[in-house]
>>> print(open('target_34.txt').read())   # compact mmCIF, C-alpha atoms
# COMPACT_ATOMS: atom_id res chain seq x y z
CA MET A 25 22.19 -1.47 19.56
CA TYR A 26 19.10 0.13 21.13
CA PHE A 27 17.54 2.98 19.17
CA LYS A 28 15.14 5.30 20.93
CA SER A 29 14.12 7.03 17.69
CA ILE A 30 13.40 6.22 14.05
CA LEU A 31 13.79 8.87 11.36
CA VAL A 32 11.17 8.79 8.58
CA LYS A 33 11.97 10.18 5.13
CA TYR A 34 9.39 10.94 2.45
CA GLY A 35 9.69 11.64 -1.27
CA GLU A 36 6.90 13.14 -3.37
CA ILE A 37 5.45 14.97 -0.40
CA GLY A 38 8.49 17.22 -0.45
CA ILE A 39 7.42 18.86 -3.74
CA LYS A 40 3.87 19.70 -2.67
CA GLY A 41 4.57 23.37 -2.03
CA LYS A 42 2.15 25.25 0.21
CA ASN A 43 -0.02 22.13 0.66
CA ARG A 44 2.86 20.00 1.90
CA TYR A 45 1.77 20.22 5.53
CA LEU A 46 -1.51 18.46 4.66
CA PHE A 47 0.37 15.47 3.28
CA GLU A 48 2.83 15.49 6.19
CA ASP A 49 -0.02 15.53 8.69
CA ALA A 50 -1.75 12.65 6.87
CA LEU A 51 1.48 10.66 6.88
CA MET A 52 1.93 11.28 10.60
CA ASP A 53 -1.63 10.08 11.27
CA ASN A 54 -0.97 6.94 9.22
CA ILE A 55 2.26 6.29 11.14
CA ARG A 56 0.39 6.60 14.44
CA PHE A 57 -2.26 4.15 13.19
CA ALA A 58 0.36 1.68 11.94
CA LEU A 59 2.14 1.68 15.31
CA GLN A 60 -0.98 1.12 17.40
CA GLY A 61 -0.40 -1.78 19.76
CA ILE A 62 3.38 -1.36 19.98
CA ASP A 63 4.21 -2.07 23.62
CA ALA A 64 5.63 1.37 24.40
CA PRO A 65 4.37 4.95 24.32
CA PHE A 66 5.63 6.86 21.29
CA GLU A 67 5.51 10.34 19.83
CA VAL A 68 5.44 11.34 16.15
CA THR A 69 6.87 14.80 15.48
CA LYS A 70 7.64 16.84 12.39
CA GLU A 71 10.71 18.77 11.42
CA SER A 72 11.48 20.36 8.06
CA GLY A 73 11.75 17.54 5.55
CA ARG A 74 11.67 14.79 8.17
CA ILE A 75 9.35 12.99 10.59
CA LEU A 76 10.70 11.54 13.82
CA VAL A 77 9.18 8.67 15.78
CA THR A 78 10.40 8.62 19.38
CA PHE A 79 9.69 5.73 21.76
CA GLU A 80 9.64 5.83 25.54
CA GLY A 81 11.29 2.83 27.14
CA THR A 82 11.89 -0.51 25.44
CA TYR A 83 9.84 -1.58 22.44
CA ASP A 84 9.79 -4.24 19.74
CA TYR A 85 12.14 -2.63 17.23
CA GLU A 86 11.72 -5.29 14.52
CA GLU A 87 7.93 -5.04 14.70
CA ALA A 88 8.02 -1.23 14.57
CA VAL A 89 10.25 -1.31 11.49
CA SER A 90 8.06 -3.94 9.82
CA ARG A 91 4.96 -1.80 10.30
CA LEU A 92 6.61 1.41 9.13
CA THR A 93 7.87 -0.22 5.93
CA LYS A 94 4.22 -0.75 4.95
CA VAL A 95 3.10 2.88 5.35
CA PHE A 96 2.57 4.55 1.99
CA GLY A 97 4.40 7.85 1.68
CA ILE A 98 7.54 6.61 3.45
CA VAL A 99 10.59 6.28 1.20
CA HIS A 100 13.15 5.30 3.84
CA ILE A 101 13.32 4.82 7.58
CA SER A 102 16.51 5.01 9.60
CA PRO A 103 17.20 4.00 13.20
CA VAL A 104 18.77 7.18 14.53
CA VAL A 105 20.74 8.58 17.45
CA VAL A 106 19.41 12.01 18.45
CA LEU A 107 21.85 14.43 20.05
CA GLU A 108 20.79 17.77 21.53
CA ASP A 109 24.32 19.11 22.10
CA LYS A 110 25.35 20.64 18.76
CA SER A 111 28.97 21.35 19.61
CA PHE A 112 31.36 19.73 17.16
CA ASP A 113 33.21 17.81 19.88
CA ALA A 114 29.95 16.29 21.15
CA ILE A 115 28.90 15.36 17.62
CA ALA A 116 32.25 13.75 16.80
CA ARG A 117 32.34 11.77 20.06
CA THR A 118 28.74 10.56 19.58
CA VAL A 119 29.36 9.56 15.95
CA GLY A 120 32.40 7.57 17.07
CA ASP A 121 30.46 5.90 19.90
CA TYR A 122 27.64 5.06 17.46
CA MET A 123 30.07 3.44 15.00
CA GLU A 124 31.73 1.41 17.75
CA GLU A 125 28.48 0.22 19.29
CA TYR A 126 26.73 -0.54 15.99
CA TYR A 127 29.65 -2.05 14.05
CA GLY A 128 32.01 -3.27 16.77
CA LYS A 129 35.43 -2.84 15.19
CA PRO A 130 34.63 -1.05 11.91
CA ASP A 131 36.53 -2.54 8.97
CA PHE A 132 35.07 -1.14 5.76
CA THR A 133 35.05 1.87 3.46
CA PHE A 134 32.93 4.81 4.53
CA LYS A 135 31.90 8.34 3.73
CA VAL A 136 30.45 11.01 6.04
CA ILE A 137 27.43 12.80 4.57
CA CYS A 138 26.64 15.94 6.53
CA LYS A 139 23.58 18.20 6.13
CA ARG A 140 23.60 21.49 7.98
CA ALA A 141 20.01 22.77 8.13
CA ASP A 142 20.94 24.92 11.14
CA LYS A 143 22.99 27.71 9.54
CA HIS A 144 24.16 28.88 12.96
CA PHE A 145 26.40 25.83 13.17
CA PRO A 146 29.93 27.21 12.66
CA LYS A 147 31.13 24.69 10.08
CA THR A 148 29.75 24.22 6.56
CA SER A 149 28.40 20.80 5.59
CA MET A 150 31.59 19.99 3.67
CA GLU A 151 33.83 21.13 6.51
CA ALA A 152 31.89 19.15 9.11
CA ALA A 153 31.95 16.03 6.93
CA ALA A 154 35.70 16.30 6.36
CA ASP A 155 36.47 16.89 10.02
CA LEU A 156 34.21 14.05 11.17
CA GLY A 157 35.81 11.73 8.63
CA GLU A 158 39.26 12.66 9.95
CA TYR A 159 38.10 12.01 13.52
CA LEU A 160 36.79 8.55 12.62
CA LEU A 161 39.98 7.64 10.73
CA ASP A 162 42.02 8.54 13.79
CA ARG A 163 39.75 6.56 16.10
CA PHE A 164 39.34 3.35 14.05
CA ASP A 165 42.23 1.63 12.26
CA GLY A 166 39.95 -0.45 10.00
CA LEU A 167 38.12 2.45 8.35
CA ARG A 168 39.01 3.63 4.85
CA VAL A 169 37.51 6.56 2.97
CA ASP A 170 35.70 6.01 -0.34
CA VAL A 171 33.71 9.05 -1.43
CA HIS A 172 32.34 7.36 -4.59
CA LYS A 173 31.10 3.91 -3.54
CA PRO A 174 31.44 3.59 0.24
CA GLU A 175 30.25 0.44 1.96
CA VAL A 176 28.75 2.59 4.73
CA GLY A 177 27.42 6.13 4.51
CA VAL A 178 27.52 7.87 7.88
CA HIS A 179 24.80 10.52 7.90
CA VAL A 180 24.92 13.50 10.25
CA GLU A 181 22.00 15.94 9.97
CA ILE A 182 22.35 19.12 12.01
CA ARG A 183 18.87 20.52 12.56
CA ASN A 184 17.13 21.53 15.82
CA CYS A 185 18.91 18.45 17.10
CA VAL A 186 21.63 16.33 15.51
CA TYR A 187 20.55 13.09 13.82
CA ILE A 188 23.18 10.37 13.36
CA TYR A 189 22.50 7.20 11.33
CA SER A 190 24.02 4.91 8.72
CA VAL A 191 21.17 2.62 7.68
CA ASP A 192 18.38 3.41 5.22
CA ILE A 193 15.59 0.80 5.23
CA PRO A 194 13.37 1.11 2.12
CA GLY A 195 9.71 2.02 2.54
CA PRO A 196 6.95 1.49 -0.03
CA GLY A 197 6.96 5.08 -1.36
CA GLY A 198 3.77 6.50 -2.83
CA MET A 199 1.46 8.96 -1.14
CA PRO A 200 -0.19 8.83 2.31
CA VAL A 201 -3.52 7.00 2.23
CA GLY A 202 -6.43 9.41 2.48
CA THR A 203 -4.84 12.29 0.57
CA ASN A 204 -6.39 11.40 -2.81
CA GLY A 205 -10.01 10.53 -2.12
CA ARG A 206 -11.78 7.18 -1.91
CA ALA A 207 -12.46 4.36 -4.38
CA THR A 208 -14.18 0.97 -4.27
CA LEU A 209 -12.31 -2.22 -5.21
CA LEU A 210 -14.02 -5.23 -6.77
CA LEU A 211 -12.17 -7.85 -4.74
CA SER A 212 -12.13 -11.54 -5.63
CA GLY A 213 -10.09 -14.42 -4.31
CA GLY A 214 -7.67 -14.27 -7.24
CA ILE A 215 -4.18 -12.85 -7.63
CA ASP A 216 -5.01 -9.67 -9.53
CA SER A 217 -7.56 -7.64 -7.58
CA PRO A 218 -5.62 -7.45 -4.27
CA VAL A 219 -2.63 -6.13 -6.23
CA ALA A 220 -4.86 -3.56 -7.95
CA GLY A 221 -6.14 -2.35 -4.58
CA TYR A 222 -2.59 -2.10 -3.24
CA MET A 223 -1.43 -0.06 -6.23
CA ILE A 224 -4.29 2.45 -6.08
CA ALA A 225 -3.93 2.80 -2.29
CA LYS A 226 -0.24 3.53 -2.86
CA ARG A 227 -1.28 6.70 -4.67
CA GLY A 228 -3.01 7.96 -1.54
CA VAL A 229 -6.51 6.59 -2.21
CA LYS A 230 -8.61 5.23 0.65
CA ILE A 231 -10.24 1.99 -0.49
CA ASP A 232 -13.38 0.03 0.30
CA ALA A 233 -14.04 -3.37 -1.28
CA VAL A 234 -16.93 -5.42 -2.67
CA TYR A 235 -16.91 -9.22 -2.86
CA PHE A 236 -19.55 -11.23 -4.72
CA HIS A 237 -20.35 -14.46 -2.87
CA ALA A 238 -22.43 -17.29 -4.38
CA PRO A 239 -23.48 -19.82 -1.74
CA PRO A 240 -23.83 -22.79 -1.94
CA TYR A 241 -21.71 -22.80 -5.09
CA THR A 242 -18.91 -21.07 -3.21
CA SER A 243 -17.96 -22.07 0.31
CA GLU A 244 -17.54 -20.08 3.49
CA ARG A 245 -13.84 -20.83 3.13
CA ALA A 246 -13.82 -18.99 -0.20
CA LYS A 247 -15.36 -16.00 1.53
CA GLN A 248 -12.83 -16.22 4.37
CA LYS A 249 -10.07 -16.26 1.77
CA VAL A 250 -11.25 -12.88 0.46
CA VAL A 251 -11.50 -11.51 4.01
CA ASP A 252 -7.91 -12.66 4.58
CA LEU A 253 -6.80 -10.91 1.40
CA ALA A 254 -8.53 -7.70 2.46
CA ARG A 255 -6.74 -7.86 5.80
CA ILE A 256 -3.35 -8.32 4.12
CA VAL A 257 -3.96 -5.34 1.83
CA SER A 258 -5.14 -3.31 4.85
CA ARG A 259 -1.62 -3.55 6.31
CA TYR A 260 -0.69 -1.07 3.61
CA ALA A 261 -4.00 0.63 2.79
CA GLY A 262 -5.40 1.05 6.29
CA PRO A 263 -8.79 -0.32 7.41
CA ILE A 264 -10.93 -1.70 4.56
CA ARG A 265 -14.70 -1.99 4.73
CA LEU A 266 -15.56 -5.17 2.83
CA HIS A 267 -19.11 -5.42 1.42
CA VAL A 268 -20.09 -9.06 0.86
CA ILE A 269 -22.89 -9.39 -1.70
CA ASN A 270 -24.92 -12.59 -2.10
CA PHE A 271 -24.87 -12.93 -5.89
CA THR A 272 -26.33 -16.43 -6.28
CA GLU A 273 -29.87 -15.43 -7.20
CA ILE A 274 -28.67 -12.97 -9.86
CA GLN A 275 -26.22 -15.47 -11.34
CA LEU A 276 -28.86 -18.19 -11.59
CA ALA A 277 -31.28 -15.79 -13.29
CA ILE A 278 -28.61 -14.80 -15.83
CA TYR A 279 -27.77 -18.46 -16.37
CA ASP A 280 -31.45 -19.33 -16.98
CA LYS A 281 -32.47 -16.36 -19.13
CA CYS A 282 -29.40 -15.21 -21.12
CA PRO A 283 -27.21 -16.80 -23.82
CA HIS A 284 -24.51 -18.86 -22.16
CA GLU A 285 -21.68 -17.42 -24.24
CA GLU A 286 -22.59 -14.01 -22.76
CA LEU A 287 -22.77 -15.18 -19.13
CA THR A 288 -19.46 -13.75 -18.02
CA ILE A 289 -20.01 -10.31 -19.55
CA ILE A 290 -23.56 -9.95 -18.25
CA MET A 291 -22.57 -11.11 -14.75
CA ARG A 292 -19.67 -8.69 -14.82
CA ARG A 293 -21.96 -5.83 -15.86
CA TYR A 294 -24.27 -6.49 -12.91
CA MET A 295 -21.31 -6.68 -10.56
CA MET A 296 -20.21 -3.28 -11.81
CA ARG A 297 -23.72 -1.86 -11.34
CA ILE A 298 -23.92 -3.16 -7.76
CA ALA A 299 -20.38 -2.05 -6.92
CA GLN A 300 -21.15 1.41 -8.27
CA SER A 301 -24.28 1.64 -6.13
CA ILE A 302 -22.20 0.81 -3.04
CA ALA A 303 -19.46 3.22 -4.13
CA LEU A 304 -21.91 6.08 -4.45
CA ASP A 305 -23.28 5.37 -0.97
CA GLU A 306 -19.71 5.38 0.40
CA LYS A 307 -18.87 8.66 -1.40
CA SER A 308 -16.28 6.88 -3.54
CA MET A 309 -14.94 8.61 -6.62
CA GLY A 310 -14.41 5.51 -8.73
CA LEU A 311 -14.21 1.73 -9.03
CA ILE A 312 -11.01 -0.36 -9.05
CA THR A 313 -10.61 -3.67 -10.85
CA GLY A 314 -7.71 -6.05 -11.40
CA GLU A 315 -8.29 -6.41 -15.14
CA SER A 316 -5.42 -6.71 -17.62
CA ILE A 317 -6.00 -6.48 -21.37
CA GLY A 318 -6.40 -9.88 -22.99
CA GLN A 319 -5.77 -11.95 -19.87
CA VAL A 320 -9.16 -13.72 -20.06
CA ALA A 321 -12.25 -13.51 -22.26
CA SER A 322 -13.88 -10.84 -20.09
CA GLN A 323 -10.79 -8.62 -20.39
CA THR A 324 -10.53 -8.05 -24.13
CA MET A 325 -10.89 -4.47 -25.28
CA GLN A 326 -14.44 -5.17 -26.46
CA SER A 327 -15.37 -6.85 -23.17
CA LEU A 328 -13.97 -4.00 -21.11
CA MET A 329 -15.96 -1.54 -23.21
CA ALA A 330 -19.12 -3.58 -22.60
CA THR A 331 -18.63 -3.59 -18.82
CA ASN A 332 -17.65 0.07 -18.74
CA ALA A 333 -20.89 0.97 -20.48
CA VAL A 334 -22.93 0.44 -17.30
CA CYS A 335 -20.75 2.75 -15.17
CA THR A 336 -20.96 6.48 -14.66
CA LEU A 337 -18.07 6.50 -12.19
CA PRO A 338 -14.50 6.19 -13.51
CA VAL A 339 -13.08 2.66 -13.50
CA TYR A 340 -9.40 2.47 -12.50
CA ARG A 341 -7.42 -0.52 -13.80
CA PRO A 342 -3.84 -0.17 -12.55
CA LEU A 343 -2.84 -3.58 -13.96
CA ILE A 344 -4.18 -2.92 -17.46
CA GLY A 345 -0.81 -3.32 -19.22
CA PHE A 346 0.80 -5.85 -16.86
CA ASP A 347 1.82 -9.37 -17.81
CA LYS A 348 0.70 -12.06 -15.38
CA ASN A 349 4.26 -12.54 -14.17
CA ASP A 350 4.44 -8.83 -13.29
CA ILE A 351 1.27 -9.14 -11.22
CA VAL A 352 2.51 -12.29 -9.48
CA ASP A 353 5.76 -10.51 -8.58
CA VAL A 354 3.86 -7.70 -6.83
CA SER A 355 1.52 -10.15 -5.08
CA GLN A 356 4.51 -12.03 -3.68
CA LYS A 357 6.12 -8.79 -2.54
CA ILE A 358 3.05 -7.63 -0.63
CA GLY A 359 2.21 -11.06 0.80
CA THR A 360 -1.09 -11.83 -0.94
CA TYR A 361 0.10 -14.53 -3.35
CA GLU A 362 0.00 -17.57 -1.06
CA THR A 363 -3.53 -16.70 0.05
CA SER A 364 -4.69 -15.99 -3.51
CA ILE A 365 -3.65 -19.45 -4.76
CA GLU A 366 -5.54 -21.33 -2.05
CA PRO A 367 -7.90 -23.75 -3.87
CA PHE A 368 -11.25 -22.15 -3.01
CA GLU A 369 -13.19 -21.01 -6.06
CA ASP A 370 -15.13 -17.76 -6.17
CA CYS A 371 -18.40 -17.13 -7.97
CA CYS A 372 -16.74 -16.08 -11.23
CA THR A 373 -15.11 -19.47 -11.79
CA ILE A 374 -18.27 -21.49 -11.07
CA PHE A 375 -20.49 -19.93 -13.76
CA VAL A 376 -18.08 -19.88 -16.69
CA ALA A 377 -19.32 -20.64 -20.21
CA LYS A 378 -17.46 -23.25 -22.26
CA HIS A 379 -17.09 -20.80 -25.15
CA PRO A 380 -17.43 -17.25 -23.82
CA VAL A 381 -17.80 -14.40 -26.28
CA THR A 382 -14.53 -12.47 -26.59
CA LYS A 383 -15.78 -9.60 -28.75
CA PRO A 384 -19.20 -8.78 -27.32
CA ASN A 385 -21.42 -6.24 -29.00
CA VAL A 386 -22.84 -3.85 -26.40
CA HIS A 387 -26.21 -3.60 -28.14
CA ALA A 388 -26.52 -7.40 -28.32
CA ILE A 389 -25.65 -7.67 -24.63
CA GLU A 390 -28.29 -5.07 -23.78
CA ARG A 391 -30.88 -7.01 -25.77
CA SER A 392 -30.01 -10.17 -23.84
CA GLU A 393 -30.35 -8.30 -20.55
CA HIS A 394 -33.96 -7.42 -21.47
CA HIS A 395 -34.80 -11.06 -20.66
CA LEU A 396 -34.09 -10.19 -17.03
CA ALA A 397 -36.24 -7.06 -16.95
CA ASP A 398 -39.10 -8.55 -14.92
CA VAL A 399 -36.90 -9.83 -12.06
CA ILE A 400 -33.51 -8.17 -12.00
CA ASP A 401 -34.30 -4.88 -10.23
CA GLU A 402 -35.82 -6.67 -7.26
CA MET A 403 -32.92 -9.12 -7.15
CA VAL A 404 -30.36 -6.31 -7.15
CA LYS A 405 -32.26 -4.51 -4.40
CA ARG A 406 -32.38 -7.71 -2.33
CA ALA A 407 -28.64 -8.28 -2.81
CA LEU A 408 -27.89 -4.75 -1.62
CA ASP A 409 -30.31 -4.94 1.30
CA THR A 410 -28.83 -8.22 2.55
CA GLN A 411 -25.16 -7.34 2.13
CA GLU A 412 -22.76 -8.17 4.95
CA ILE A 413 -20.16 -5.58 5.95
CA ILE A 414 -16.88 -6.79 7.43
CA GLU A 415 -14.31 -4.34 8.82
CA CYS A 416 -10.86 -5.59 7.83
CA SER A 417 -7.73 -4.24 9.49
>>> encode(input="target_34.txt", output="structure tokens")
Amino acid sequence: MYFKSILVKYGEIGIKGKNRYLFEDALMDNIRFALQGIDAPFEVTKESGRILVTFEGTYDYEEAVSRLTKVFGIVHISPVVVLEDKSFDAIARTVGDYMEEYYGKPDFTFKVICKRADKHFPKTSMEAAADLGEYLLDRFDGLRVDVHKPEVGVHVEIRNCVYIYSVDIPGPGGMPVGTNGRATLLLSGGIDSPVAGYMIAKRGVKIDAVYFHAPPYTSERAKQKVVDLARIVSRYAGPIRLHVINFTEIQLAIYDKCPHEELTIIMRRYMMRIAQSIALDEKSMGLITGESIGQVASQTMQSLMATNAVCTLPVYRPLIGFDKNDIVDVSQKIGTYETSIEPFEDCCTIFVAKHPVTKPNVHAIERSEHHLADVIDEMVKRALDTQEIIECS
């Protein structure tokens, strides 16, 4: 069946009170961005509690649905028949035609769910639902009413127009990207950090990303892997500006001048410093990492405290209490898992101590960092000055 329109339903936005229009407008902008390139003109319009996407001419329905199910803020989308004639006879006839065209010979239990936003309509919601149900029973022998657990819910919403649909396709939920500020993600080629970026973006946060590259110890393919991950996350989060930092010189200096059991923590602290510098330039309000308590040596409570100590911006860790299996489940759902497990190592895995400290003392780490005092500032400046910026969308 050909659908000219798709009805978009949102959740949390509906409780935003006087500011709701700001979130609705942001969601509409994100829908327009997501549908760019669809081979048909379209219009995104707003009605109380709903957003309607209307296409002119034929379009790739499956592609449109796929894109919309990745837009944060959308709870459900429904392919919908829009009827301007609000007479009961026209509604009943159109509902019957819809059922016949969409289901062929209907043979299932059903329930009519009617919402009458237009109070000028002469029947109440309950009356309209009962009368439409009676009409469908008379028209189709295979239909049976089940008001508790129907196989099909036939929705009829009487607003400025009449919306008729029976399918709710789940969206990702959350809040529209851009409604809750900006943050900077420390993105590696692993499983965790892309999931962390996805989860923070789902709360309406616009994200940038920083990747620490260590040529020749890491390959161009490892870098491309991170670019690919950023592009996958951008399907949900919108365009991501990826800052690629050459970290080799800093890592070698740490390796040469600092105790090897502290390598991971000290490298992580300089990554956080550099990421924060970029975040401040980008007007970000915080950093995002994929850390989970106890997962590796650099993610114990003591290690997290040691890395936090170099930051003035908040550090958001949405995976902090997740088991690895929980993180893998999300990565598979959003499509990053297969890319994350490609066998191209990033800079973190190359310079790993055999026996890393798991309970670092911040003061001891700071004393070790003094060995870098004569070179590190210039190295950090050089890394920032030579960064590569890749726009991922």
>>> atom_distance(input="target_34.txt", atom1="atom CA of A:Thr82", atom2="atom CA of A:Pro103")
14.1 Å
>>> atom_distance(input="target_34.txt", atom1="atom CA of A:Gly128", atom2="atom CA of A:Thr93")
26.6 Å
>>> residues_around(input="target_34.txt", residues="A:Leu396", least_positions_apart="4", cutoff="12 Å", atoms="only C-alpha atoms", output="list in words")
Glu273, Ile274, Gln275, Leu276, Ala277, Ile278, Tyr279, Asp280, Lys281, Cys282, Pro283, Ile290, Met291, Tyr294, Ile389, Glu390, Arg391, Ser392, Ile400, Asp401, Glu402, Met403 and Val404 of chain A
>>> residues_around(input="target_34.txt", residues="A:Ser316", least_positions_apart="6", cutoff="12 Å", atoms="all atoms listed in the file", output="list in words")
Ile215, Asp216, Ser217, Val219, Ala220, Ser322, Gln323, Thr324, Met325, Ser327, Leu328, Tyr340, Arg341, Pro342, Leu343, Ile344, Gly345, Phe346, Asp347, Lys348, Asn349, Asp350 and Ile351 of chain A
>>> atom_distance(input="target_34.txt", atom1="atom CA of A:Ala254", atom2="atom CA of A:Cys416")
6.2 Å
>>> closest_residue(input="target_34.txt", among="A:Lys33, A:Lys405, A:Lys110, A:Lys139", to="A:Leu51", atoms="only C-alpha atoms")
A:Lys33
>>> residues_near_point(input="target_34.txt", point="(2.8, 14.0, -1.0)", cutoff="12 Å", atoms="only C-alpha atoms", output="PyMOL selection string")
chain A and resi 33-52+73+96-99+197-204+226-229
>>> write_last_selection(input="target_34.txt", atoms="C-alpha atoms", output="PDB file, in the coordinates of the input")
ATOM      1  CA  LYS A  33      11.970  10.180   5.130  1.00  0.00           C
ATOM      2  CA  TYR A  34       9.390  10.940   2.450  1.00  0.00           C
ATOM      3  CA  GLY A  35       9.690  11.640  -1.270  1.00  0.00           C
ATOM      4  CA  GLU A  36       6.900  13.140  -3.370  1.00  0.00           C
ATOM      5  CA  ILE A  37       5.450  14.970  -0.400  1.00  0.00           C
ATOM      6  CA  GLY A  38       8.490  17.220  -0.450  1.00  0.00           C
ATOM      7  CA  ILE A  39       7.420  18.860  -3.740  1.00  0.00           C
ATOM      8  CA  LYS A  40       3.870  19.700  -2.670  1.00  0.00           C
ATOM      9  CA  GLY A  41       4.570  23.370  -2.030  1.00  0.00           C
ATOM     10  CA  LYS A  42       2.150  25.250   0.210  1.00  0.00           C
ATOM     11  CA  ASN A  43      -0.020  22.130   0.660  1.00  0.00           C
ATOM     12  CA  ARG A  44       2.860  20.000   1.900  1.00  0.00           C
ATOM     13  CA  TYR A  45       1.770  20.220   5.530  1.00  0.00           C
ATOM     14  CA  LEU A  46      -1.510  18.460   4.660  1.00  0.00           C
ATOM     15  CA  PHE A  47       0.370  15.470   3.280  1.00  0.00           C
ATOM     16  CA  GLU A  48       2.830  15.490   6.190  1.00  0.00           C
ATOM     17  CA  ASP A  49      -0.020  15.530   8.690  1.00  0.00           C
ATOM     18  CA  ALA A  50      -1.750  12.650   6.870  1.00  0.00           C
ATOM     19  CA  LEU A  51       1.480  10.660   6.880  1.00  0.00           C
ATOM     20  CA  MET A  52       1.930  11.280  10.600  1.00  0.00           C
ATOM     21  CA  GLY A  73      11.750  17.540   5.550  1.00  0.00           C
ATOM     22  CA  PHE A  96       2.570   4.550   1.990  1.00  0.00           C
ATOM     23  CA  GLY A  97       4.400   7.850   1.680  1.00  0.00           C
ATOM     24  CA  ILE A  98       7.540   6.610   3.450  1.00  0.00           C
ATOM     25  CA  VAL A  99      10.590   6.280   1.200  1.00  0.00           C
ATOM     26  CA  GLY A 197       6.960   5.080  -1.360  1.00  0.00           C
ATOM     27  CA  GLY A 198       3.770   6.500  -2.830  1.00  0.00           C
ATOM     28  CA  MET A 199       1.460   8.960  -1.140  1.00  0.00           C
ATOM     29  CA  PRO A 200      -0.190   8.830   2.310  1.00  0.00           C
ATOM     30  CA  VAL A 201      -3.520   7.000   2.230  1.00  0.00           C
ATOM     31  CA  GLY A 202      -6.430   9.410   2.480  1.00  0.00           C
ATOM     32  CA  THR A 203      -4.840  12.290   0.570  1.00  0.00           C
ATOM     33  CA  ASN A 204      -6.390  11.400  -2.810  1.00  0.00           C
ATOM     34  CA  LYS A 226      -0.240   3.530  -2.860  1.00  0.00           C
ATOM     35  CA  ARG A 227      -1.280   6.700  -4.670  1.00  0.00           C
ATOM     36  CA  GLY A 228      -3.010   7.960  -1.540  1.00  0.00           C
ATOM     37  CA  VAL A 229      -6.510   6.590  -2.210  1.00  0.00           C
TER      38      VAL A 229
END
>>> axis_aligned_box(input="target_34.txt", around="stretch 354-359 of chain A", padding_each_side="4 Å", output="lines of an AutoDock Vina configuration file")
center_x = 3.8
center_y = -9.8
center_z = -3.0
size_x = 12.6
size_y = 12.4
size_z = 15.6
>>> residues_around(input="target_34.txt", residues="A:Leu211", least_positions_apart="6", cutoff="12 Å", atoms="only C-alpha atoms", output="JSON, numbers by chain")
{"A": [217, 218, 219, 220, 221, 222, 231, 232, 233, 234, 235, 236, 237, 247, 249, 250, 251, 252, 253, 254, 255, 257, 264, 265, 266, 267, 268, 269, 295, 296, 299, 311, 312, 313, 314, 315, 364, 370, 371, 372]}
>>> closest_residue(input="target_34.txt", among="A:Asp113, A:Asp84, A:Asp170, A:Glu108", to="A:Phe134", atoms="all atoms listed in the file")
A:Asp170
>>> residues_around(input="target_34.txt", residues="A:Leu59", least_positions_apart="6", cutoff="12 Å", atoms="all atoms listed in the file", output="ChimeraX atom specification")
/A:52-53,65-68,77-79,83-95,259,262
>>> closest_residue(input="target_34.txt", among="A:Gly120, A:Gly177, A:Pro384, A:Gly166", to="A:Glu286", atoms="only C-alpha atoms")
A:Pro384
